[in-house]
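Next comes run15.cif, a file with mmCIF, C-alpha atoms.
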```
data_final
loop_
_atom_site.label_atom_id
_atom_site.label_comp_id
_atom_site.auth_asym_id
_atom_site.auth_seq_id
_atom_site.Cartn_x
_atom_site.Cartn_y
_atom_site.Cartn_z
CA MET G 453 219.08 81.71 -20.89
CA LYS G 454 218.25 82.34 -24.53
CA VAL G 455 221.19 83.52 -26.62
CA ASN G 456 221.30 84.47 -30.28
CA THR G 457 223.84 86.12 -32.53
CA LEU G 458 222.54 89.58 -31.62
CA GLN G 459 222.92 89.01 -27.88
CA VAL G 460 226.29 87.27 -27.74
CA GLU G 461 227.93 90.35 -26.26
CA ASN G 462 225.93 89.67 -23.09
CA ILE G 463 227.47 86.26 -22.48
CA SER G 464 231.05 85.20 -21.80
CA ILE G 465 232.95 82.00 -22.49
CA LYS G 466 232.89 81.30 -18.75
CA ASP G 467 229.11 81.66 -18.80
CA ILE G 468 228.98 79.03 -21.52
CA ASP G 469 231.20 76.73 -19.42
CA LYS G 470 228.78 77.02 -16.53
CA MET G 471 225.65 76.57 -18.61
CA LEU G 472 227.00 73.40 -20.18
CA LEU G 473 228.15 72.09 -16.80
CA ASP G 474 224.68 72.71 -15.37
CA ALA G 475 223.48 70.27 -18.04
CA SER G 476 226.16 67.73 -16.95
CA TYR G 477 228.48 68.46 -19.88
CA VAL G 478 232.06 69.16 -18.84
CA SER G 479 233.40 71.60 -21.41
CA ASN G 480 236.89 72.99 -21.91
CA ASN G 481 238.17 76.30 -23.22
CA GLU G 482 238.33 75.17 -26.86
CA ILE G 483 234.78 73.79 -26.86
CA SER G 484 233.26 76.82 -25.14
CA THR G 485 235.23 79.29 -27.27
CA THR G 486 234.14 77.61 -30.51
CA LEU G 487 230.51 77.69 -29.38
CA TYR G 488 230.86 81.38 -28.44
CA LEU G 489 232.27 82.14 -31.89
CA SER G 490 229.48 80.17 -33.52
CA PHE G 491 226.99 82.49 -31.83
CA LEU G 492 229.10 85.55 -32.64
CA LEU G 493 229.68 84.78 -36.32
CA GLY G 494 226.48 82.85 -37.02
CA LYS G 495 228.47 79.99 -38.52
CA PRO G 496 227.98 76.21 -38.23
CA MET G 497 230.32 74.08 -36.13
CA LEU G 498 232.05 71.05 -37.65
CA ILE G 499 233.06 68.71 -34.84
CA GLU G 500 235.44 65.83 -35.52
CA GLY G 501 236.89 63.23 -33.19
CA PRO G 502 236.78 59.54 -32.37
CA PRO G 503 233.43 57.89 -31.57
CA GLY G 504 232.20 58.28 -28.04
CA VAL G 505 233.86 61.55 -27.00
CA GLY G 506 230.63 63.54 -26.69
CA LYS G 507 230.16 65.16 -30.12
CA THR G 508 226.48 64.29 -30.42
CA GLU G 509 225.82 64.94 -26.76
CA LEU G 510 227.26 68.45 -27.08
CA ALA G 511 224.63 69.36 -29.69
CA LYS G 512 221.83 68.08 -27.45
CA VAL G 513 223.19 69.91 -24.43
CA ILE G 514 223.49 73.18 -26.38
CA ALA G 515 219.80 72.95 -27.29
CA LYS G 516 218.87 72.25 -23.67
CA SER G 517 221.16 74.87 -22.13
CA PHE G 518 220.09 77.68 -24.46
CA ASP G 519 216.39 76.81 -24.56
CA ARG G 520 216.27 75.91 -28.23
CA ASP G 521 214.29 73.35 -30.19
CA PHE G 522 216.38 70.40 -31.36
CA PHE G 523 216.38 68.78 -34.80
CA ARG G 524 218.57 65.89 -35.91
CA ILE G 525 219.60 64.39 -39.22
CA GLN G 526 221.28 61.02 -38.67
CA CYS G 527 223.40 60.41 -41.75
CA TYR G 528 224.11 56.96 -43.14
CA GLU G 529 225.37 55.45 -46.36
CA GLY G 530 222.76 56.00 -49.05
CA ILE G 531 220.81 58.77 -47.31
CA THR G 532 218.99 60.91 -49.88
CA PHE G 533 217.94 64.50 -50.40
CA GLU G 534 214.34 63.51 -49.72
CA GLN G 535 215.18 62.02 -46.32
CA ILE G 536 217.00 65.19 -45.28
CA VAL G 537 214.79 67.95 -46.69
CA GLY G 538 211.47 66.39 -47.59
CA GLU G 539 209.51 64.72 -50.35
CA TRP G 540 206.33 65.06 -52.30
CA ASN G 541 203.30 63.22 -50.99
CA TYR G 542 202.62 61.35 -54.21
CA GLN G 543 199.49 59.61 -52.92
CA LYS G 544 197.95 62.92 -51.89
CA GLN G 545 198.95 64.43 -55.25
CA LEU G 546 197.30 61.58 -57.17
CA LEU G 547 194.11 61.88 -55.14
CA HIS G 548 194.03 65.60 -55.80
CA LEU G 549 194.58 65.07 -59.53
CA GLU G 550 191.76 62.55 -59.61
CA ALA G 551 189.43 64.95 -57.86
CA ALA G 552 190.48 67.83 -60.09
CA LYS G 553 190.53 66.00 -63.44
CA ASN G 554 187.59 68.04 -64.68
CA ASP G 555 189.06 71.31 -63.40
CA SER G 556 192.43 72.04 -65.04
CA LYS G 557 192.88 75.20 -62.93
CA ASN G 558 193.51 73.10 -59.83
CA VAL G 559 196.13 70.79 -61.37
CA ASP G 560 199.09 73.03 -60.54
CA GLU G 561 198.12 72.96 -56.85
CA ILE G 562 199.85 69.60 -56.45
CA PHE G 563 203.15 71.48 -56.23
CA ASP G 564 202.02 73.57 -53.26
CA ASP G 565 203.59 73.28 -49.83
CA ASP G 566 200.53 71.35 -48.62
CA PHE G 567 201.64 68.39 -50.74
CA PHE G 568 205.21 68.37 -49.44
CA ILE G 569 206.27 66.27 -46.43
CA ARG G 570 208.93 68.18 -44.51
CA ARG G 571 211.96 66.44 -43.07
CA PRO G 572 214.40 67.71 -40.37
CA LEU G 573 216.43 70.22 -42.43
CA LEU G 574 213.41 72.13 -43.70
CA ASN G 575 211.64 71.88 -40.34
CA ALA G 576 214.69 73.34 -38.59
CA PHE G 577 214.87 76.22 -41.09
CA LEU G 578 211.18 77.10 -40.86
CA ASN G 579 210.79 76.66 -37.11
CA GLU G 580 209.65 79.87 -35.44
CA LYS G 581 211.67 79.26 -32.26
CA ASP G 582 215.47 79.49 -32.25
CA SER G 583 216.84 76.00 -32.81
CA VAL G 584 219.79 73.65 -32.98
CA LEU G 585 220.21 71.36 -36.00
CA LEU G 586 222.51 68.36 -35.61
CA ILE G 587 223.75 66.80 -38.85
CA ASP G 588 225.26 63.71 -37.27
CA GLU G 589 228.05 61.69 -38.92
CA ILE G 590 228.06 63.73 -42.13
CA ASP G 591 231.04 61.66 -43.28
CA LYS G 592 228.69 58.69 -43.83
CA ALA G 593 226.66 60.59 -46.45
CA ASP G 594 227.98 60.77 -49.99
CA GLU G 595 229.45 63.92 -51.55
CA GLU G 596 226.30 64.65 -53.56
CA VAL G 597 224.27 65.01 -50.37
CA GLU G 598 227.04 67.02 -48.73
CA SER G 599 227.14 69.33 -51.77
CA PHE G 600 223.42 69.94 -51.50
CA LEU G 601 223.87 71.10 -47.90
CA LEU G 602 226.33 73.84 -48.92
CA GLN G 603 223.55 76.29 -49.75
CA ALA G 604 221.95 75.79 -46.35
CA LEU G 605 225.27 76.07 -44.51
CA GLY G 606 226.52 79.11 -46.39
CA GLU G 607 223.58 81.16 -47.67
CA LYS G 608 221.12 79.95 -45.01
CA GLU G 609 218.52 79.06 -47.59
CA ILE G 610 217.15 75.89 -49.19
CA THR G 611 215.99 75.56 -52.80
CA ILE G 612 213.55 72.78 -53.68
CA ASN G 613 212.61 72.07 -57.27
CA ASP G 614 208.98 73.00 -58.10
CA LEU G 615 208.55 74.54 -54.65
CA GLY G 616 211.01 77.42 -54.53
CA THR G 617 213.55 78.81 -52.10
CA PHE G 618 213.03 78.81 -48.33
CA TYR G 619 214.85 81.24 -46.08
CA LEU G 620 215.94 80.71 -42.49
CA LYS G 621 213.28 81.89 -40.01
CA ASN G 622 215.16 81.56 -36.72
CA ASP G 623 218.60 81.96 -35.18
CA LEU G 624 219.73 78.45 -36.05
CA ILE G 625 222.90 76.86 -34.72
CA VAL G 626 224.01 74.06 -37.06
CA ILE G 627 226.36 71.37 -35.75
CA LEU G 628 227.92 68.78 -38.03
CA THR G 629 229.78 65.79 -36.59
CA SER G 630 232.26 63.51 -38.32
CA ASN G 631 234.19 60.39 -37.36
CA SER G 632 236.55 61.03 -40.30
CA GLN G 633 235.45 57.98 -42.29
CA ARG G 634 236.03 60.10 -45.40
CA SER G 635 237.44 63.54 -46.04
CA LEU G 636 234.78 66.22 -46.24
CA LEU G 637 234.56 68.76 -49.03
CA ASP G 638 236.71 71.86 -48.70
CA GLU G 639 233.58 73.93 -49.31
CA THR G 640 231.94 72.37 -46.25
CA LYS G 641 234.96 73.04 -44.08
CA ASP G 642 235.17 76.62 -45.32
CA ARG G 643 231.61 77.33 -44.18
CA CYS G 644 232.15 75.97 -40.66
CA LEU G 645 234.10 76.61 -37.51
CA PHE G 646 236.25 73.55 -36.85
CA LEU G 647 236.46 71.79 -33.50
CA TYR G 648 238.31 68.57 -32.79
CA ILE G 649 237.31 66.72 -29.61
CA PRO G 650 239.87 64.06 -28.67
CA TYR G 651 239.58 61.59 -25.84
CA PRO G 652 239.63 63.70 -22.67
CA THR G 653 242.56 64.04 -20.33
CA ILE G 654 242.45 61.99 -17.14
CA GLU G 655 241.46 65.07 -15.15
CA ARG G 656 238.63 66.04 -17.50
CA GLU G 657 237.36 62.47 -17.77
CA ILE G 658 237.19 62.25 -13.97
CA GLU G 659 235.14 65.46 -14.01
CA ILE G 660 232.86 64.03 -16.69
CA VAL G 661 232.24 60.82 -14.73
CA LYS G 662 231.58 62.75 -11.52
CA SER G 663 229.11 65.01 -13.31
CA LYS G 664 227.20 61.91 -14.48
CA LEU G 665 227.65 59.87 -11.27
CA PRO G 666 227.95 62.35 -8.38
CA ASP G 667 227.53 59.57 -5.79
CA ALA G 668 230.40 57.44 -7.12
CA GLU G 669 233.41 57.17 -4.80
CA ASP G 670 236.34 59.32 -5.85
CA GLU G 671 238.76 56.42 -5.50
CA THR G 672 236.68 54.20 -7.79
CA VAL G 673 236.30 56.94 -10.40
CA SER G 674 240.02 57.69 -10.42
CA TYR G 675 240.95 54.00 -10.61
CA VAL G 676 238.63 53.25 -13.55
CA VAL G 677 239.54 56.38 -15.50
CA ASN G 678 243.26 55.66 -15.16
CA LEU G 679 242.59 52.08 -16.26
CA ILE G 680 240.66 53.31 -19.29
CA HIS G 681 243.54 55.56 -20.32
CA ASN G 682 245.95 52.62 -20.13
CA ILE G 683 243.56 50.56 -22.25
CA ARG G 684 243.31 53.29 -24.89
CA ASN G 685 247.08 53.11 -25.33
CA LEU G 686 246.71 49.53 -26.60
CA ASN G 687 246.30 48.68 -30.26
CA LEU G 688 242.56 47.94 -30.20
CA MET G 689 239.89 47.66 -32.86
CA LYS G 690 237.64 50.00 -30.86
CA LYS G 691 238.94 52.09 -28.01
CA PRO G 692 236.56 52.49 -25.07
CA SER G 693 234.38 55.59 -25.21
CA VAL G 694 233.73 58.11 -22.47
CA ARG G 695 230.24 56.64 -22.22
CA GLY G 696 231.90 53.29 -21.61
CA THR G 697 233.92 54.80 -18.78
CA VAL G 698 230.78 56.13 -17.11
CA ASP G 699 229.00 52.79 -17.50
CA TRP G 700 231.98 50.87 -16.13
CA VAL G 701 232.21 53.08 -13.05
CA LYS G 702 228.47 52.67 -12.47
CA SER G 703 228.76 48.90 -12.92
CA VAL G 704 231.61 48.27 -10.49
CA SER G 705 230.11 50.71 -8.00
CA ASN G 706 227.00 48.55 -7.79
CA MET G 707 228.43 45.03 -8.08
CA GLY G 708 229.44 44.79 -4.44
CA THR G 709 232.67 42.87 -5.04
CA ARG G 710 235.47 43.78 -2.68
CA ASN G 711 238.17 43.36 -5.32
CA ILE G 712 237.67 46.11 -7.86
CA ASN G 713 239.83 44.32 -10.45
CA ASP G 714 237.55 41.28 -10.25
CA SER G 715 234.51 43.51 -10.72
CA LEU G 716 236.12 45.27 -13.67
CA LYS G 717 237.14 42.00 -15.30
CA ASP G 718 233.68 40.47 -14.81
CA SER G 719 232.02 43.53 -16.36
CA ILE G 720 234.57 44.15 -19.12
CA GLY G 721 231.91 43.98 -21.84
CA VAL G 722 230.54 47.28 -20.59
CA ALA G 723 233.55 49.13 -22.02
CA ILE G 724 235.29 46.69 -24.40
CA LYS G 725 233.22 45.81 -27.44
CA THR G 726 235.02 43.07 -29.39
CA GLU G 727 236.30 39.65 -28.34
CA SER G 728 239.81 40.28 -29.70
CA ASP G 729 240.02 43.56 -27.76
CA LYS G 730 238.75 41.84 -24.64
CA LYS G 731 241.46 39.18 -24.83
CA ARG G 732 244.16 41.81 -25.38
CA VAL G 733 242.98 43.92 -22.44
CA ILE G 734 242.86 40.92 -20.12
CA LYS G 735 246.32 39.77 -21.21
CA ASP G 736 248.06 43.17 -21.31
CA ILE G 737 246.27 44.90 -18.44
CA PHE G 738 244.52 42.61 -15.97
CA ASP G 739 246.94 39.67 -16.04
CA LYS G 740 249.80 42.05 -15.22
CA ARG G 741 248.15 43.56 -12.17
#
```
Show me this structure written as structure tokens.
Amino acid sequence: MKVNTLQVENISIKDIDKMLLDASYVSNNEISTTLYLSFLLGKPMLIEGPPGVGKTELAKVIAKSFDRDFFRIQCYEGITFEQIVGEWNYQKQLLHLEAAKNDSKNVDEIFDDDFFIRRPLLNAFLNEKDSVLLIDEIDKADEEVESFLLQALGEKEITINDLGTFYLKNDLIVILTSNSQRSLLDETKDRCLFLYIPYPTIEREIEIVKSKLPDAEDETVSYVVNLIHNIRNLNLMKKPSVRGTVDWVKSVSNMGTRNINDSLKDSIGVAIKTESDKKRVIKDIFDKR
């Protein structure tokens, strides 16, 4: 199903639940409602929450479920305007200048679109097909980069020096994710619908695992998910992600050891990612069982 802001009246929140579930993403009312409102209002979604709760996956699943092209900007410390929007092809410009040195009329052509290398933001804006743009971990980019994005998020246009202003050509859903490493600008928050995705409840996490591993035994899934929730209550450097839960269930389901605790302990590195956390989990969880 293809949905845009003009057709949102033809789809319900329950329809969104089902479409996401068909793509193996277990939603909840808050997630599906926020996505519905994003379609309705044509506003970006800002998704915060701890690492590993499915923020990035949600953006990918939305693109798949609603038959949209997918573009991604992976933010990191030091990312620049050029890496997000695009940059001039200096080598091509120099070659053109050399060829045109006896024809001054052609010199200004080096600032045409043909000499500009497009990056994900501009590609997503100019794509003819409706699209999803994921700006992943925006909190890792500095405020200058975040400030530049305000025009795209609010006015749905991008201005590039010497090239002009580009306007959005498709019904674009923009999704920003943040792990809250720094506080985002108020102007960014004001332009977005806010969604916080915490670690799932036991019931929802069981559903998530079953959607990924439909052949896993119910008893094994329930046991591992409950164990994971006990582990997350510990004071750890890195709490296990939902992805870690899925991988742990898959691991113990295929190890063939009769004692599930032995299998879990032997494969603990699937879900627990630091040595200090591993020692704490073994001491506070496994040694007390």
### Query
When distances are computed from only C-alpha atoms, which of G:Asn706, G:Ile590, G:Asp739, G:Leu624 shows the smallest separation from Gly530 in chain G?
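Closest to Gly530 in chain G, using only C-alpha atoms: G:Ile590.
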### Message
With distances taken over all atoms listed in the file, which residue among G:Gly494, G:Ile514, G:Ile724, G:Ile627 lies nearest Asp469 in chain G?
### Response
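Counting all atoms listed in the file, the residue closest to Asp469 in chain G is G:Ile514.
Each of G:Asn541, G:Thr653, G:Thr532, G:Asn579 was compared to Ser479 in chain G using all atoms listed in the file, and G:Thr653 turns out to be the nearest.
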### Task
Determine the residue set returned by the PyMOL selection byres ((chain G and resi 599) around 12) for the present structure, and present it as number ranges by chain.
G: 532-533, 590, 593-598, 600-606, 636-641, 643
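Using only C-alpha atoms, the shortest contact distance between Phe491 in chain G and any of G:Ser464, G:Asn687, G:Ser715, G:Thr697 is found at G:Ser464.
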### Message
Translate the PyMOL selection byres ((chain G and resi 510) around 10) into a concrete residue list for this structure, as a ChimeraX atom specification.
### Response
/G:472,475,477-479,483,499,505-509,511-516,586,627
### Task
Considering only C-alpha atoms, return as a list in words whatever protein or nucleic-acid residues lie within 10 Å of Tyr675 in chain G, sequence-local ones (same chain, fewer than 2 positions apart) excluded.
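So the residues in contact are Ile658, Asp670, Glu671, Thr672, Val673, Val677, Asn678, Leu679, Ile680, Val701, Ile712 and Asn713 of chain G.
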### Task
Could you list the residues chosen by the PyMOL selection byres ((chain G and resi 575) around 12) in this structure as a ChimeraX atom specification?
/G:521-525,536-538,568-574,576-585,610,618-622,624
Report as JSON lines the residues of range 640-710 of chain G within 12 Å of range 730-734 of chain G, each with its shortest atom pair and distance in Å (one decimal), using all atoms listed in the file, ordered by chain and increasing residue number.
```
{"residue": "G:Leu679", "atom": "CA", "partner": "G:Val733", "partner_atom": "CA", "distance": 10.2}
{"residue": "G:Ile680", "atom": "CA", "partner": "G:Val733", "partner_atom": "CA", "distance": 10.2}
{"residue": "G:His681", "atom": "CA", "partner": "G:Val733", "partner_atom": "CA", "distance": 11.8}
{"residue": "G:Asn682", "atom": "CA", "partner": "G:Val733", "partner_atom": "CA", "distance": 9.5}
{"residue": "G:Ile683", "atom": "CA", "partner": "G:Val733", "partner_atom": "CA", "distance": 6.7}
{"residue": "G:Arg684", "atom": "CA", "partner": "G:Val733", "partner_atom": "CA", "distance": 9.7}
{"residue": "G:Asn685", "atom": "CA", "partner": "G:Val733", "partner_atom": "CA", "distance": 10.5}
{"residue": "G:Leu686", "atom": "CA", "partner": "G:Val733", "partner_atom": "CA", "distance": 7.9}
{"residue": "G:Asn687", "atom": "CA", "partner": "G:Arg732", "partner_atom": "CA", "distance": 8.7}
{"residue": "G:Leu688", "atom": "CA", "partner": "G:Arg732", "partner_atom": "CA", "distance": 8.0}
{"residue": "G:Met689", "atom": "CA", "partner": "G:Lys730", "partner_atom": "CA", "distance": 10.1}
{"residue": "G:Lys690", "atom": "CA", "partner": "G:Lys730", "partner_atom": "CA", "distance": 10.3}
{"residue": "G:Lys691", "atom": "CA", "partner": "G:Val733", "partner_atom": "CA", "distance": 10.7}
{"residue": "G:Pro692", "atom": "CA", "partner": "G:Lys730", "partner_atom": "CA", "distance": 10.9}
```
Limited to C-alpha atoms, could you put the picked residues into a file as an mmCIF file, in the frame of the given file?
```cif
data_model
loop_
_atom_site.group_PDB
_atom_site.id
_atom_site.type_symbol
_atom_site.label_atom_id
_atom_site.label_comp_id
_atom_site.auth_asym_id
_atom_site.auth_seq_id
_atom_site.Cartn_x
_atom_site.Cartn_y
_atom_site.Cartn_z
ATOM 1 C CA LEU G 679 242.590 52.080 -16.260
ATOM 2 C CA ILE G 680 240.660 53.310 -19.290
ATOM 3 C CA HIS G 681 243.540 55.560 -20.320
ATOM 4 C CA ASN G 682 245.950 52.620 -20.130
ATOM 5 C CA ILE G 683 243.560 50.560 -22.250
ATOM 6 C CA ARG G 684 243.310 53.290 -24.890
ATOM 7 C CA ASN G 685 247.080 53.110 -25.330
ATOM 8 C CA LEU G 686 246.710 49.530 -26.600
ATOM 9 C CA ASN G 687 246.300 48.680 -30.260
ATOM 10 C CA LEU G 688 242.560 47.940 -30.200
ATOM 11 C CA MET G 689 239.890 47.660 -32.860
ATOM 12 C CA LYS G 690 237.640 50.000 -30.860
ATOM 13 C CA LYS G 691 238.940 52.090 -28.010
ATOM 14 C CA PRO G 692 236.560 52.490 -25.070
#
```
### Message
With distances taken over only C-alpha atoms, which residue among G:Phe567, G:Phe738, G:Trp700, G:Tyr542 lies nearest Val676 in chain G?
### Response
G:Trp700
### Task
Rounded to one decimal place, report the CA of Tyr528 in chain G-CA of Asp588 in chain G distance in Å.
9.0 Å
### Message
Please determine, counting only C-alpha atoms, which residue among G:Ser693, G:Ser490, G:Ser705, G:Asn480 has the shortest atom-to-atom distance to Asp623 in chain G.
### Response
G:Ser490
